[in-house]
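Worksheet: the structure to be examined is printed underneath.
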Amino acid sequence: MNPKRRSALQNILGIASAPLLINPIDSFGQQGLGPIDGYDLIITGGRVIDPSQKFDQIADIGIRNQKIVEIKPQLTKKSAQTINASGKIITPGLIDLHAHCYPQVSAIGLPADELVYLTGTTTFVDAGDAGANNFSAFKHYIAAQARSRMYAFLHISSIGLAGFPVGEMKNMEYANIDLAARTLNENTDILLGIKVRESLDVVGENGIEPLRRAVLAAERSGVKGARVMCHIGNAPGDLSVLLDTLRPGDILTHAYSGAGNNTVQNGKLIAAALEAKKRGVIIDVGHGGGSFDFTIAEPAIQQGLIPNTISSDLHAYSGNSPSIPYLPNVMSKFLTLGFTINEVIAMTTSHPGKIINRDPLLGTLKNGASADIT
Ligand SMILES: [Zn+2]
């Protein structure tokens with residue numbers, strides 16, 4: 001800068017007309033960077049609940065270089081920034097195992113980043129908005145550009161949910177097993193498995209053939225641990241046959257739906273549901289706009305169908321339904337069903353983190369984990 005102009009600028013800023021020296025520490029501080037032996041950010045005084053390490057106490061969280069470096073009561077080192085969280089509950093960033101975040105292509109998708117402040121969710125698993133034909137755009141234009149962390153299940157229907165509300169499995173020609181298997185095989189960085197929706201309005205006359213193809217696609221992909229996420233709610237035929245098709249590690253979503261052909265019939269949990277739970281099928285909530293019913297959830301849970309994960313099934317329609325299934329609202333329903341706050345938080349942090357199984361420090365506040373905090 002021209003020395004004359006620099007001196008004019010310094011005068012305007014009220015800085016002594018001397019060589020322009022900025023204290024490097026202050027300069028870093030302005031950028032949110034703390035001193036070398038301190039923190040960039042401390043979150044103080046909140047009730048920190050991290051089920052992954054059975055931690056539940058009032059504590060401070062020290063963050064440096066976007067990672068958690070220390071959690072204990074009253075951290076004393078200097079920090080560039082501080083957030084006072086007293087009176088608040090602090091958890092690992094919430095993980096929603098069933099959401100719909102493919103705006104503009106899926107007919108029901110919402111933009112993940114715009115949901116963060118409403119839902120406390122920082123990791124979204126998109127539940128089958130994309131099929132093999134439109135997955136590449138999801139990966140490159142949606143997931144890659146989101147600040148939220150994103151994973152997905154690929155729909156067995158090659159068009160995903162682009163045709164909603166027309167049932168995507170009324171025409172079985174969309175359920176191309178090899179195409180889905182190959183897409184899954186090539187994208188294990190973010191794809192966790194195959195999604196299928198099994199309800200009469202979706203499958204028409206096709207029964208559980210879409211589910212059978214979803215399982216075949218997961219197996220043919222050659223991807224170890226590839227899961228199938230199966231939606232129920234007025235499922236076709238005998239629900240027991242559908243449940244018996246799910247393998248250990250597969251996910252039953254809308255487990256407490258009251259939409260018809262439910263996991264509880266005449267007040268009794270059906271045997272195949274309990275058997276599925278016992279052999280390791282993951283029981284997921286998927287609340288949605290019409291997929292959770294207390295009169296099903298209460299007896300189901302009492303009779304052993306305990307959820308592994310609480311998810312929202314938030315999308316453009318359910319988000320405007322009366323119970324507004326933002327993840328914390330859905331979690332609070334499980335407090336009223338008798339679960340502890342620690343259990344409910346585990347079902348939206350460490351449990352889904354393990355199911356995603358892509359990063360050992362997802363869903364935890366352990367030292368070294370990314371500073372992904374709700
Ligand atoms: Zn859904």
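Letters for chains follow the order of the structure tokens (A, B, ...), residue numbers begin at 1 for each chain, and ligand numbers begin at 1 in the order shown.
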Inset, instruction - Using only C-alpha atoms, determine which residues lie at most 10 Å from Leu362 of chain A, disregarding the query and same-chain residues fewer than 3 positions distant; provide the list as a count of residues only. - result: 21
Inset, instruction - Taking only C-alpha atoms and all ligand atoms into account, report as a PyMOL selection string which residues have an atom no farther than 10 Å from an atom of ligand 1. - result: chain A and resi 97-100+108-109+126-129+161+195-197+230-231+253-254+286-289+291+311-315+318
For the selection you just gave me, I'd like the residues written to a file as a PDB file, in the first residue's frame, keeping N, CA and C atoms.
ATOM      1  N   LEU A  97     -31.276 -41.121  11.170  1.00  0.00           N
ATOM      2  CA  LEU A  97     -31.062 -42.272  10.280  1.00  0.00           C
ATOM      3  C   LEU A  97     -32.090 -42.358   9.150  1.00  0.00           C
ATOM      4  N   HIS A  98     -33.150 -41.581   9.247  1.00  0.00           N
ATOM      5  CA  HIS A  98     -34.181 -41.629   8.200  1.00  0.00           C
ATOM      6  C   HIS A  98     -34.711 -40.215   7.978  1.00  0.00           C
ATOM      7  N   ALA A  99     -34.184 -39.561   6.952  1.00  0.00           N
ATOM      8  CA  ALA A  99     -34.661 -38.224   6.582  1.00  0.00           C
ATOM      9  C   ALA A  99     -34.711 -38.160   5.051  1.00  0.00           C
ATOM     10  N   HIS A 100     -35.218 -37.061   4.537  1.00  0.00           N
ATOM     11  CA  HIS A 100     -35.335 -36.922   3.072  1.00  0.00           C
ATOM     12  C   HIS A 100     -34.738 -35.582   2.652  1.00  0.00           C
ATOM     13  N   ILE A 108     -40.077 -35.042  -2.398  1.00  0.00           N
ATOM     14  CA  ILE A 108     -40.356 -34.719  -0.994  1.00  0.00           C
ATOM     15  C   ILE A 108     -39.116 -34.238  -0.234  1.00  0.00           C
ATOM     16  N   GLY A 109     -38.020 -33.977  -0.938  1.00  0.00           N
ATOM     17  CA  GLY A 109     -36.759 -33.666  -0.260  1.00  0.00           C
ATOM     18  C   GLY A 109     -36.696 -32.248   0.273  1.00  0.00           C
ATOM     19  N   ASP A 126     -30.122 -39.900   4.116  1.00  0.00           N
ATOM     20  CA  ASP A 126     -31.236 -39.776   3.186  1.00  0.00           C
ATOM     21  C   ASP A 126     -31.787 -41.174   2.887  1.00  0.00           C
ATOM     22  N   ALA A 127     -33.095 -41.327   3.105  1.00  0.00           N
ATOM     23  CA  ALA A 127     -33.699 -42.659   3.032  1.00  0.00           C
ATOM     24  C   ALA A 127     -34.345 -42.894   1.667  1.00  0.00           C
ATOM     25  N   GLY A 128     -33.502 -43.034   0.656  1.00  0.00           N
ATOM     26  CA  GLY A 128     -33.988 -43.512  -0.634  1.00  0.00           C
ATOM     27  C   GLY A 128     -34.614 -42.470  -1.536  1.00  0.00           C
ATOM     28  N   ASP A 129     -34.264 -41.208  -1.374  1.00  0.00           N
ATOM     29  CA  ASP A 129     -34.754 -40.209  -2.333  1.00  0.00           C
ATOM     30  C   ASP A 129     -34.133 -40.436  -3.706  1.00  0.00           C
ATOM     31  N   LEU A 161     -37.440 -41.299  -5.369  1.00  0.00           N
ATOM     32  CA  LEU A 161     -38.760 -40.750  -5.045  1.00  0.00           C
ATOM     33  C   LEU A 161     -39.121 -39.571  -5.944  1.00  0.00           C
ATOM     34  N   LYS A 195     -32.835 -48.953  -0.006  1.00  0.00           N
ATOM     35  CA  LYS A 195     -34.120 -48.605   0.613  1.00  0.00           C
ATOM     36  C   LYS A 195     -35.257 -49.187  -0.218  1.00  0.00           C
ATOM     37  N   VAL A 196     -36.290 -49.607   0.485  1.00  0.00           N
ATOM     38  CA  VAL A 196     -37.494 -50.052  -0.223  1.00  0.00           C
ATOM     39  C   VAL A 196     -38.699 -49.667   0.625  1.00  0.00           C
ATOM     40  N   ARG A 197     -39.774 -49.256  -0.033  1.00  0.00           N
ATOM     41  CA  ARG A 197     -41.010 -48.917   0.694  1.00  0.00           C
ATOM     42  C   ARG A 197     -42.037 -50.001   0.388  1.00  0.00           C
ATOM     43  N   CYS A 230     -36.213 -51.168   5.201  1.00  0.00           N
ATOM     44  CA  CYS A 230     -37.555 -51.454   4.688  1.00  0.00           C
ATOM     45  C   CYS A 230     -38.601 -50.665   5.465  1.00  0.00           C
ATOM     46  N   HIS A 231     -39.374 -49.888   4.735  1.00  0.00           N
ATOM     47  CA  HIS A 231     -40.480 -49.107   5.298  1.00  0.00           C
ATOM     48  C   HIS A 231     -41.725 -50.001   5.319  1.00  0.00           C
ATOM     49  N   THR A 253     -38.052 -49.747   9.348  1.00  0.00           N
ATOM     50  CA  THR A 253     -38.396 -48.368   9.701  1.00  0.00           C
ATOM     51  C   THR A 253     -39.914 -48.193   9.679  1.00  0.00           C
ATOM     52  N   HIS A 254     -40.406 -47.243  10.464  1.00  0.00           N
ATOM     53  CA  HIS A 254     -41.830 -47.076  10.784  1.00  0.00           C
ATOM     54  C   HIS A 254     -42.307 -48.266  11.623  1.00  0.00           C
ATOM     55  N   GLY A 286     -38.654 -43.751  12.435  1.00  0.00           N
ATOM     56  CA  GLY A 286     -39.160 -43.139  11.196  1.00  0.00           C
ATOM     57  C   GLY A 286     -40.526 -42.492  11.404  1.00  0.00           C
ATOM     58  N   HIS A 287     -40.573 -41.489  12.263  1.00  0.00           N
ATOM     59  CA  HIS A 287     -41.853 -40.927  12.728  1.00  0.00           C
ATOM     60  C   HIS A 287     -42.746 -40.425  11.597  1.00  0.00           C
ATOM     61  N   GLY A 288     -42.210 -39.545  10.768  1.00  0.00           N
ATOM     62  CA  GLY A 288     -42.960 -39.033   9.623  1.00  0.00           C
ATOM     63  C   GLY A 288     -44.236 -38.300   9.996  1.00  0.00           C
ATOM     64  N   GLY A 289     -45.132 -38.201   9.015  1.00  0.00           N
ATOM     65  CA  GLY A 289     -46.397 -37.516   9.231  1.00  0.00           C
ATOM     66  C   GLY A 289     -47.502 -38.474   9.644  1.00  0.00           C
ATOM     67  N   SER A 291     -46.602 -42.151  10.555  1.00  0.00           N
ATOM     68  CA  SER A 291     -45.945 -43.451  10.728  1.00  0.00           C
ATOM     69  C   SER A 291     -45.565 -43.732  12.179  1.00  0.00           C
ATOM     70  N   SER A 311     -35.598 -41.911  14.566  1.00  0.00           N
ATOM     71  CA  SER A 311     -35.377 -41.078  13.381  1.00  0.00           C
ATOM     72  C   SER A 311     -36.654 -40.313  13.068  1.00  0.00           C
ATOM     73  N   SER A 312     -36.514 -39.281  12.251  1.00  0.00           N
ATOM     74  CA  SER A 312     -37.634 -38.348  12.077  1.00  0.00           C
ATOM     75  C   SER A 312     -38.515 -38.655  10.874  1.00  0.00           C
ATOM     76  N   ASP A 313     -37.930 -39.197   9.803  1.00  0.00           N
ATOM     77  CA  ASP A 313     -38.625 -39.255   8.506  1.00  0.00           C
ATOM     78  C   ASP A 313     -39.164 -37.859   8.136  1.00  0.00           C
ATOM     79  N   LEU A 314     -38.313 -36.876   8.354  1.00  0.00           N
ATOM     80  CA  LEU A 314     -38.698 -35.496   8.029  1.00  0.00           C
ATOM     81  C   LEU A 314     -38.610 -35.289   6.515  1.00  0.00           C
ATOM     82  N   HIS A 315     -39.682 -34.757   5.949  1.00  0.00           N
ATOM     83  CA  HIS A 315     -39.687 -34.423   4.517  1.00  0.00           C
ATOM     84  C   HIS A 315     -40.685 -33.297   4.276  1.00  0.00           C
ATOM     85  N   SER A 318     -44.249 -34.386   5.777  1.00  0.00           N
ATOM     86  CA  SER A 318     -44.334 -34.668   7.219  1.00  0.00           C
ATOM     87  C   SER A 318     -43.961 -33.433   8.043  1.00  0.00           C
TER      88      SER A 318
END
Inset, instruction - Looking only at strand (DSSP E) from DSSP on the backbone, list the matching residues of segment 58-295 of chain A as a ChimeraX atom specification. - result: /A:58-64,67-72,79-84,89-90,94-99,121-131,149-155,191-197,227-231,251-253,264-265,268-269,282-283
For Arg64 of chain A, find every residue with an atom within 10 Å (counting only C-alpha atoms), except residues of its own chain fewer than 3 positions away, and show them as an mmCIF file with N, CA and C atoms, in the first residue's frame.
data_model
loop_
_atom_site.group_PDB
_atom_site.id
_atom_site.type_symbol
_atom_site.label_atom_id
_atom_site.label_comp_id
_atom_site.auth_asym_id
_atom_site.auth_seq_id
_atom_site.Cartn_x
_atom_site.Cartn_y
_atom_site.Cartn_z
ATOM 1 N N GLY A 32 -11.158 -16.556 15.176
ATOM 2 C CA GLY A 32 -11.664 -17.648 15.999
ATOM 3 C C GLY A 32 -10.606 -18.660 16.380
ATOM 4 N N LEU A 33 -9.312 -18.284 16.159
ATOM 5 C CA LEU A 33 -8.240 -19.230 16.501
ATOM 6 C C LEU A 33 -7.648 -18.838 17.848
ATOM 7 N N GLY A 34 -7.595 -19.743 18.775
ATOM 8 C CA GLY A 34 -7.106 -19.462 20.116
ATOM 9 C C GLY A 34 -5.612 -19.621 20.212
ATOM 10 N N PRO A 35 -5.051 -19.312 21.399
ATOM 11 C CA PRO A 35 -3.612 -19.482 21.609
ATOM 12 C C PRO A 35 -3.215 -20.958 21.495
ATOM 13 N N ILE A 36 -1.938 -21.159 21.169
ATOM 14 C CA ILE A 36 -1.428 -22.513 20.906
ATOM 15 C C ILE A 36 -1.766 -23.475 22.047
ATOM 16 N N ASP A 37 -1.649 -22.996 23.289
ATOM 17 C CA ASP A 37 -1.881 -23.900 24.421
ATOM 18 C C ASP A 37 -3.301 -23.751 24.969
ATOM 19 N N GLY A 38 -4.199 -23.151 24.186
ATOM 20 C CA GLY A 38 -5.572 -22.980 24.669
ATOM 21 C C GLY A 38 -6.565 -23.571 23.679
ATOM 22 N N TYR A 39 -7.716 -22.900 23.562
ATOM 23 C CA TYR A 39 -8.785 -23.427 22.708
ATOM 24 C C TYR A 39 -9.242 -22.356 21.716
ATOM 25 N N ASP A 40 -9.835 -22.789 20.651
ATOM 26 C CA ASP A 40 -10.500 -21.848 19.744
ATOM 27 C C ASP A 40 -11.871 -21.495 20.306
ATOM 28 N N LEU A 41 -12.483 -22.476 20.935
ATOM 29 C CA LEU A 41 -13.845 -22.288 21.439
ATOM 30 C C LEU A 41 -14.038 -23.146 22.694
ATOM 31 N N ILE A 42 -14.667 -22.560 23.686
ATOM 32 C CA ILE A 42 -15.121 -23.376 24.830
ATOM 33 C C ILE A 42 -16.631 -23.229 24.931
ATOM 34 N N LYS A 67 -11.755 -29.811 16.465
ATOM 35 C CA LYS A 67 -11.847 -31.112 17.140
ATOM 36 C C LYS A 67 -12.047 -30.898 18.641
ATOM 37 N N ILE A 68 -12.690 -31.878 19.264
ATOM 38 C CA ILE A 68 -12.843 -31.837 20.715
ATOM 39 C C ILE A 68 -11.523 -32.255 21.337
ATOM 40 N N VAL A 69 -10.996 -31.411 22.231
ATOM 41 C CA VAL A 69 -9.712 -31.764 22.839
ATOM 42 C C VAL A 69 -9.828 -32.036 24.338
ATOM 43 N N GLU A 70 -10.890 -31.584 24.978
ATOM 44 C CA GLU A 70 -10.984 -31.789 26.425
ATOM 45 C C GLU A 70 -12.422 -31.564 26.879
ATOM 46 N N SER A 79 -9.357 -19.111 25.654
ATOM 47 C CA SER A 79 -10.051 -19.496 24.422
ATOM 48 C C SER A 79 -10.387 -18.248 23.624
ATOM 49 N N ALA A 80 -10.350 -18.359 22.295
ATOM 50 C CA ALA A 80 -10.704 -17.205 21.458
ATOM 51 C C ALA A 80 -12.191 -16.884 21.600
ATOM 52 N N GLY A 368 -10.703 -35.938 20.165
ATOM 53 C CA GLY A 368 -10.296 -36.230 18.789
ATOM 54 C C GLY A 368 -11.474 -36.274 17.825
ATOM 55 N N SER A 370 -14.689 -34.910 15.762
ATOM 56 C CA SER A 370 -14.947 -33.604 15.172
ATOM 57 C C SER A 370 -15.900 -32.835 16.099
ATOM 58 N N ALA A 371 -15.707 -31.533 16.155
ATOM 59 C CA ALA A 371 -16.487 -30.716 17.097
ATOM 60 C C ALA A 371 -17.884 -30.518 16.535
#
Inset, instruction - Tell me which protein, DNA and RNA residues are within 12 Å of Gly225 of chain A, counting only C-alpha atoms, leaving out same-chain ones fewer than 4 positions away, and put them as a PyMOL selection string. - result: chain A and resi 184-185+188+191-194+215+218-221+247-251+355-358
